[in-house]
Amino acid sequence: MGILHVATVFVILSFMAPVHSVLPGNPLVIDMTHTFDENTIYWPTLRHFKMTGVLRNYTVDGTWREESDIEGAEHGGTHLDAPAHFSKNKWRSHDIPVKRLMGPAAVADVSPKTAADADYLVTAEDFQLWEEKHGKIPDGCLLFVKTGWGKFWPNKLLYLGTDTRNTSLLHFPGLHPDGARWLVQNRGMHAVGIDTASIDYGQSKKYETHQILLAHNVLAFENVANMDKLPTTGATVYALPIKIGDGSGGPVRIVGIIENTKNPVRTPRPGQGQQVIDMTYTLDDTTLYRPGRKPFRLADVFRNYTGEYYYEGSVIQTTEHGGTHMDAPVHFSKNKWKTDDIPVERLMGPAAVVDVSPKAAADADYLVTAEDFQLWEEKHGKIPDGCLLFVKTGWGKFWPDELLYLGTDTRNTSLLHFPGLHPDGARWLVQNRGMHAVGIDTASIDYGQSTVYEAHQALFGNNIPVFENVANLDQLPAVGSVVFALPMKIRGGSGGPARIVGFVNKQEYSPTHVDL
Ligand SMILES: *[C@@H]1O[C@H](CO)[C@@H](O)[C@H](O)[C@H]1NC(C)=O
Ligand SMILES: *[C@@H]1O[C@H](CO)[C@@H](O)[C@H](O)[C@H]1NC(C)=O
Ligand SMILES: *[C@@H]1O[C@H](CO)[C@@H](O)[C@H](O)[C@H]1NC(C)=O
Ligand SMILES: *[C@@H]1O[C@H](CO)[C@@H](O)[C@H](O)[C@H]1NC(C)=O
């Protein structure tokens with residue numbers, strides 16, 4: 001079910017929950033991401049994905065609880081290679097300007113050649129032949145090399161050429177170093193994506209193609225899924241990695257958007273009068289959590305020259321629920337959506353921002369009521385169906401000061417003080433309005449003093465995911481912007497780290513934003 005017209009989604013989901021047209025223009029949305037689980041393909045020698053500390057049970061108060069920690073190398077599954085991965089002093093994950101993570105897609109199909117030769121190397125000539133047919137590779141594009149290897153996922157023997165850890169046995173196509181050199185010298189793409197485990201072919205020993213692209217700050221995306229669903233040109237792709245502080249890459253959620261040509265309205269996209277706002281905190285050792293959760297950590301950090309080249313790579317270890325993250329409905333509501341059950345289309349839509357910061361400033365335990373939403377609607381109109389609804393408490397200004405943001409820097413949860421959504425407010429929303437998700441700029445959608453998390457339960461019971469620790473909410477207008485809130489795609493997850501970006505019309509917003 002990789003490619004779905006929004007109308008199809010409507011039909012499929014309409015008996016589960018109210019679903020409405022999501023993005024302006026009614027485009028097709030393609031999830032170009034493989035799911036993370038224990039079978040996810042990693043580089044044979046790197047630490048594979050693992051869910052640890054899995055909790056799936058009723059608590060003593062009788063409510064359902066699911067949550068886990070996750071770990072794995074930065075470079076497995078559908079992931080980003082940041083320039084620092086093979087190039088010293090170049091951008092690490094958190095340094096990459098968010099506008100470089102999106103652009104028009106150009107798809108170069110070399111699958112007829114690779115079918116006859118698993119060690120095929122894509123040349124400059126392949127790109128030149130492509131250009132004769134389709135025009136110049138656009139500046140600022142994401143260039144996808146389609147080898148056809150996607151059809152082998154997740155069979156390691158077919159996809160990698162071996163299911164052992166012996167890297168001499170790897171066989172899959174890649175990009176010739178001369179092809180990479182031609183690209184960086186002559187074309188202005190933001191990134192190169194491929195549907196194999198590496199942009200260098202399996203038999204590479206020095207990873208020269210990595211070295212060439214990354215030295216020029218051209219990003220690489222590997223193990224890209226569903227490339228065959230993209231047209232050769234005309235789609236726009238958003239590749240949003242989790243935001244690892246000083247990371248050399250990391251898991252990414254990639255979506256392709258194909259405009260509905262019958263509809264004159266356009267989804268926000270680069271170069272179309274939009275400014276993009278990164279609504280995501282960096283994951284590092286200052287990242288805040290509810291007391292008791294496993295903090296984010298980079299383990300097995302390697303940053304040095306090997307015999308032949310410079311290399312950076314690490315292992316990520318984190319709770320699903322720290323920093324800017326999603327709570328999937330199953331977190332507190334048994335049998336509701338897990339992370340990978342949530343159609344990605346529901347996490348992309350118009351944003352509504354309800355500002356309660358004047359009230360929260362006077363009361364750290366403030367609970368947002370149905371009346372607050374009703375007052376907002378008097379000014380801004382009805383909370384739009386299919387929107388992502390954000391509650392702005394003003395708490396973002398305290399991040400990452402634990403004492404101010406959480407109310408305590410101890411592990412005593414009785415001392416937590418921050419505003420949240422009143423259970424009656426949450427119930428009013430799910431009974432009367434059709435938002436697809438709710439976000440907040442505090443550590444929890446329930447206020448700090450909550451012990452039974454009723455707002456979570458009201459939303460989750462209706463399959464509404466929640467985004468917490470959302471950054472830069474003060475940069476979004478009350479209405480009129482569009483937000484993509486894309487979590488890491490964890491199979492059976494109760495949530496996960498998310499990358500959230502907002503698109504604001506240039507006319508509507510201030511000059512402090514990144515200009516696309
Ligand atoms: C679930 O919790 C109950 C008590 O609430 C306990 O008896 C049971 O062992 C738990 N199950 C698991 C798998 O932890
Ligand atoms: C790895 O495979 C190569 C090629 O078949 C072989 O020569 C080598 O001995 C293998 N190494 C190990 C450690 O098995
Ligand atoms: C980096 O590698 C060099 C040898 O290439 C070695 O002497 C040095 O100790 C290494 N540094 C670290 C921090 O591992
Ligand atoms: C946690 O804080 C509460 C409220 O101040 C206090 O009553 C309780 O004793 C504290 N618990 C611990 C374990 O310190």
# chains A, B, ... in the order shown; residues from 1 in each chain; ligands from 1
$ closest_atom_pairs --of "chain A" --to "ligand 1" --cutoff "8 Å" --atoms "only C-alpha atoms and all ligand atoms" --output "JSON lines"
{"residue": "A:Leu55", "atom": "CA", "partner": "ligand 1", "partner_atom_place_in_ligand_line": "14 (O)", "distance": 7.2}
{"residue": "A:Arg56", "atom": "CA", "partner": "ligand 1", "partner_atom_place_in_ligand_line": "13 (C)", "distance": 7.0}
{"residue": "A:Asn57", "atom": "CA", "partner": "ligand 1", "partner_atom_place_in_ligand_line": "1 (C)", "distance": 4.9}
{"residue": "A:Tyr58", "atom": "CA", "partner": "ligand 1", "partner_atom_place_in_ligand_line": "5 (O)", "distance": 5.7}
{"residue": "A:Thr59", "atom": "CA", "partner": "ligand 1", "partner_atom_place_in_ligand_line": "5 (O)", "distance": 5.9}
{"residue": "A:Val60", "atom": "CA", "partner": "ligand 1", "partner_atom_place_in_ligand_line": "5 (O)", "distance": 5.8}
{"residue": "A:Gly62", "atom": "CA", "partner": "ligand 1", "partner_atom_place_in_ligand_line": "5 (O)", "distance": 7.8}
$ write_last_selection --atoms "N, CA, C and O atoms" --output "JSON list (two decimals), in the first residue's frame"
[["chain", "number", "residue", "atom", "x", "y", "z"],
["A", 55, "LEU", "N", 7.97, -2.62, 26.98],
["A", 55, "LEU", "CA", 6.87, -2.71, 27.95],
["A", 55, "LEU", "C", 5.55, -2.70, 27.18],
["A", 55, "LEU", "O", 5.28, -1.78, 26.40],
["A", 56, "ARG", "N", 4.74, -3.75, 27.38],
["A", 56, "ARG", "CA", 3.39, -3.81, 26.77],
["A", 56, "ARG", "C", 2.49, -4.51, 27.77],
["A", 56, "ARG", "O", 2.42, -5.73, 27.81],
["A", 57, "ASN", "N", 1.87, -3.71, 28.61],
["A", 57, "ASN", "CA", 1.10, -4.33, 29.70],
["A", 57, "ASN", "C", 0.20, -3.27, 30.34],
["A", 57, "ASN", "O", 0.33, -2.08, 30.07],
["A", 58, "TYR", "N", -0.70, -3.73, 31.21],
["A", 58, "TYR", "CA", -1.49, -2.80, 32.00],
["A", 58, "TYR", "C", -0.65, -2.31, 33.17],
["A", 58, "TYR", "O", 0.18, -3.04, 33.71],
["A", 59, "THR", "N", -0.86, -1.05, 33.56],
["A", 59, "THR", "CA", -0.20, -0.52, 34.74],
["A", 59, "THR", "C", -1.04, -0.86, 35.98],
["A", 59, "THR", "O", -2.16, -1.37, 35.84],
["A", 60, "VAL", "N", -0.51, -0.51, 37.14],
["A", 60, "VAL", "CA", -1.25, -0.82, 38.38],
["A", 60, "VAL", "C", -2.60, -0.11, 38.42],
["A", 60, "VAL", "O", -3.56, -0.62, 39.00],
["A", 62, "GLY", "N", -4.52, 0.19, 35.98],
["A", 62, "GLY", "CA", -5.44, -0.45, 35.05],
["A", 62, "GLY", "C", -5.40, 0.13, 33.64],
["A", 62, "GLY", "O", -6.15, -0.30, 32.78]]
$ residues_around --residues "Asp385 (chain A)" --least-positions-apart "2" --cutoff "7 Å" --atoms "only C-alpha atoms" --output "PDB file with N, CA and C atoms, in the first residue's frame"
ATOM      1  N   HIS A  20     -10.159  13.271   6.169  1.00  0.00           N
ATOM      2  CA  HIS A  20     -10.517  14.310   5.212  1.00  0.00           C
ATOM      3  C   HIS A  20      -9.306  14.617   4.363  1.00  0.00           C
ATOM      4  N   ILE A 383     -11.522  24.859  13.607  1.00  0.00           N
ATOM      5  CA  ILE A 383     -10.291  24.061  13.520  1.00  0.00           C
ATOM      6  C   ILE A 383     -10.435  23.146  12.304  1.00  0.00           C
ATOM      7  N   CYS A 387      -6.364  18.723  10.096  1.00  0.00           N
ATOM      8  CA  CYS A 387      -5.208  19.565  10.454  1.00  0.00           C
ATOM      9  C   CYS A 387      -4.339  18.898  11.502  1.00  0.00           C
ATOM     10  N   ARG A 433     -14.241  17.759  16.562  1.00  0.00           N
ATOM     11  CA  ARG A 433     -13.370  18.258  15.505  1.00  0.00           C
ATOM     12  C   ARG A 433     -12.584  17.108  14.878  1.00  0.00           C
ATOM     13  N   GLY A 434     -12.088  17.331  13.642  1.00  0.00           N
ATOM     14  CA  GLY A 434     -11.481  16.249  12.863  1.00  0.00           C
ATOM     15  C   GLY A 434      -9.986  16.399  12.624  1.00  0.00           C
ATOM     16  N   MET A 435      -9.242  16.923  13.651  1.00  0.00           N
ATOM     17  CA  MET A 435      -7.777  17.051  13.450  1.00  0.00           C
ATOM     18  C   MET A 435      -7.151  15.655  13.351  1.00  0.00           C
TER      19      MET A 435
END
$ residues_around --residues "Val122 (chain A)" --least-positions-apart "6" --cutoff "7 Å" --atoms "only C-alpha atoms" --output "PyMOL selection string"
chain A and resi 174-176+179
$ write_last_selection --atoms "C-alpha atoms" --output "PDB file, in the first residue's frame"
ATOM      1  CA  GLY A 174      26.434   1.679  -7.222  1.00  0.00           C
ATOM      2  CA  LEU A 175      27.606   5.001  -8.561  1.00  0.00           C
ATOM      3  CA  HIS A 176      31.001   5.080 -10.328  1.00  0.00           C
ATOM      4  CA  GLY A 179      30.045   9.561 -12.318  1.00  0.00           C
TER       5      GLY A 179
END
$ select_by_dssp --residues "region 217-335 of chain A" --states "strand (DSSP E or B)" --output "ChimeraX atom specification"
/A:219-222,233-241,244,249-258,274-278,283,297-305,310-319,325-327
$ residues_near_ligand --ligand "ligand 4" --cutoff "7 Å" --atoms "only C-alpha atoms and all ligand atoms" --output "JSON, numbers by chain"
{"A": [412, 413, 414, 415]}
$ select_by_dssp --residues "region 51-296 of chain A" --states "alpha helix (DSSP H)" --output "PyMOL selection string"
chain A and resi 111-114+124-134+156-160+177-186+208-215
